[in-house]
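S.K.: Pasting a structure here, questions to come.
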Amino acid sequence: MNTPTAAPSGTSSSTSARDFSTLPASREVAAVRNLSRQTGISSPYFHSHEGIAGAHTRIAGREMINFSSYNYLGLNGDPRIHAAAAAAIARYGVSASASRYVSGERPVHAALEAALARHHGVEDAVAMVSGHATNVTTIGHLVGPADLILHDALIHNSAAEGMRLSGARRMAFPHNDVAAAGAVLAAERGRHNRALILIEGHYSMDGTVPELAAFVALARKHDAWLMVDEAHSLGVLGATGRGIAEAQGVDPREVDIWMGTLSKSLASTGGYIAGSHALVDMLRHTAPGFVYSVGLPPPLAAAAEAALGLIAAEPWRVTKLQANARRFRDQARAAGFDAGQSTGFGIVPIVLGDSYTAMRVADRLVAAGINVQPICFPVVPEGQARLRFFLSSEHSEADLDRTIEVLRAAAREAA
């Protein structure tokens, strides 16, 4: 006679542990769908853009003002970048077809990396096939269980995943709080072999920036590496878009590890690490996410290199982006909205409070022809739900004025 066995922990007797819908992540997705059904608000996710998503876009046959793309400088769609990508396709094909470590290396990779190193003012750079994976593999490879990682509380998920992979001790400090970070290092640094401080140059949820010189000094004082994620800084901060070091007058060689992505201002896809020859050479030969991954597609490498050249040749794009972001932030505040502590470079959050309100306001904006993404719990804490506006150098003053007008009306209706 067979004896019944108990159901695995976390499942009912009638539910299999192989059922993916029982996973916590699946329940979160279901909760969002239920909220949409109960409120009549359409899902804000996976909208299909029917062309180039710049300052304007086309969704479901409708022309819309767009604030949900990283096309900060309007370079995605520039015919000169298209020509560079097309030439690379004609010569090398679409794919590198192998890891660069074996037979996937192409001349466009070296050209891009040299341009990235020049842009940052450091010795060398290495480009990888994914921005998210660049953080995961680099952080996971540089530090280990005997080490300490000290990170800003608002650090990106890619860095958080890299930290988790590393097995190092992880400690967060309040957002942009150098003094708090220093207190943790003073108490904990001596107990660990190596230490890594992780910050971003421009935080994507809040549009804030850190005091780079203060973090450099902190890293030197405690014999720690400083890593700066410039994903939303390149092309956005500084008079010519060289990032936070240019914006704040800091020697970029004082930062041990620069990380960035190719998918935003550079109109491509991928990630990179820039810094010393020793760092880059080690990653090229040993980082799992580089050695065991296919090389960056040649047309994407060529597109990113061409974009870097255009940023250098046309600094008016950066100037216009920053002017648009400041104008939008200041208008939003004048209209009574909470724009947080946005510095007005390229990202402006409009904090609305609860997730339901943020989704309702976003839905009304979409109905009025304005595409902007609501950011809700659990991505941000409940009570901090917001609309996140990515500005572009291509937005007109009329676009911005119209958006503030519609936003004011939508917020009144949702109240």
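Residues in the structure tokens are numbered from 1 in each chain, the chains being A, B, ... in the order shown, and ligands are numbered from 1 in the order shown.
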Please report as a Markdown table every residue of segment 376-396 of chain A lying within 12 Å of segment 15-31 of chain A, along with the nearest atom pair and their distance in Å (one decimal), using only C-alpha atoms.

M.R.:
| residue | atom | partner | partner_atom | distance |
| --- | --- | --- | --- | --- |
| A:Cys376 | CA | A:Glu28 | CA | 11.8 |
| A:Phe377 | CA | A:Glu28 | CA | 10.0 |
| A:Pro378 | CA | A:Glu28 | CA | 8.9 |
| A:Val379 | CA | A:Glu28 | CA | 11.3 |

S.K.: Using 12 Å as the limit and counting only C-alpha atoms, can you tabulate each residue of segment 14-107 of chain A that touches segment 315-327 of chain A, with its shortest atom-to-atom distance in Å and the two atoms involved, as a tab-separated table?

M.R.:
residue	atom	partner	partner_atom	distance
A:Ala55	CA	A:Leu321	CA	11.0
A:Phe67	CA	A:Ala325	CA	11.2
A:Tyr70	CA	A:Leu321	CA	11.8
A:Asn71	CA	A:Leu321	CA	10.4
A:Tyr72	CA	A:Leu321	CA	6.9
A:Leu73	CA	A:Arg317	CA	5.7
A:Gly74	CA	A:Arg317	CA	8.1
A:Leu75	CA	A:Arg317	CA	9.4

S.K.: Please identify all polymer residues within 8 Å of Val108 of chain A, counting only C-alpha atoms, omitting same-chain residues fewer than 6 positions from it, and present them as number ranges by chain.

M.R.: A: 88, 298, 301-302

S.K.: Give me, as a list in words, all polymer residues having an atom no more than 8 Å from Thr137 of chain A, counting only C-alpha atoms and skipping those fewer than 2 positions away in the same chain.

M.R.: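 Using only C-alpha atoms, the neighbours found are Ala133, Thr134, Asn135, Ile139, Gly140, His141, Gly162, Ala287, Pro288, Gly289 and Phe290 of chain A.
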
S.K.: Okay, now the selection with N, CA and C atoms, as a CSV table (one decimal), in the first residue's frame?

M.R.:
chain,number,residue,atom,x,y,z
A,133,ALA,N,24.5,42.4,-18.5
A,133,ALA,CA,25.5,41.4,-18.3
A,133,ALA,C,26.9,41.9,-18.0
A,134,THR,N,27.2,43.1,-18.5
A,134,THR,CA,28.5,43.8,-18.2
A,134,THR,C,28.7,44.0,-16.7
A,135,ASN,N,27.7,44.5,-16.1
A,135,ASN,CA,27.7,44.7,-14.6
A,135,ASN,C,27.8,43.4,-13.9
A,139,ILE,N,31.4,42.7,-11.9
A,139,ILE,CA,31.3,42.7,-10.4
A,139,ILE,C,31.5,41.3,-9.9
A,140,GLY,N,30.8,40.3,-10.5
A,140,GLY,CA,30.9,39.0,-10.0
A,140,GLY,C,32.3,38.4,-10.1
A,141,HIS,N,33.1,38.9,-11.1
A,141,HIS,CA,34.4,38.4,-11.3
A,141,HIS,C,35.5,39.1,-10.5
A,162,GLY,N,25.1,41.3,-10.0
A,162,GLY,CA,26.6,41.0,-9.9
A,162,GLY,C,27.1,40.9,-8.5
A,287,ALA,N,36.9,37.3,-17.9
A,287,ALA,CA,35.5,37.6,-17.4
A,287,ALA,C,34.6,36.6,-18.1
A,288,PRO,N,33.8,35.8,-17.4
A,288,PRO,CA,33.0,34.8,-18.0
A,288,PRO,C,32.0,35.4,-19.0
A,289,GLY,N,31.4,36.5,-18.7
A,289,GLY,CA,30.4,37.1,-19.6
A,289,GLY,C,30.9,37.6,-20.9
A,290,PHE,N,32.3,37.7,-20.9
A,290,PHE,CA,32.9,38.1,-22.2
A,290,PHE,C,33.5,36.9,-22.9

S.K.: Determine, for each residue of segment 216-259 of chain A having at least one atom at most 9 Å from an atom of segment 274-282 of chain A, the closest pair of atoms and their separation in Å to one decimal, counting only C-alpha atoms; order by chain and ascending number, as a Markdown table.

M.R.:
| residue | atom | partner | partner_atom | distance |
| --- | --- | --- | --- | --- |
| A:Pro252 | CA | A:Gly275 | CA | 8.8 |
| A:Arg253 | CA | A:Gly275 | CA | 7.3 |
| A:Val255 | CA | A:Gly275 | CA | 7.8 |
| A:Asp256 | CA | A:Gly275 | CA | 6.1 |
| A:Ile257 | CA | A:Gly275 | CA | 5.4 |
| A:Trp258 | CA | A:Ala274 | CA | 4.9 |
| A:Met259 | CA | A:Ala274 | CA | 6.4 |

S.K.: Work out how far atom CA of Tyr356 of chain A is from atom CA of Arg333 of chain A, in Å to one decimal.

M.R.: 21.7 Å
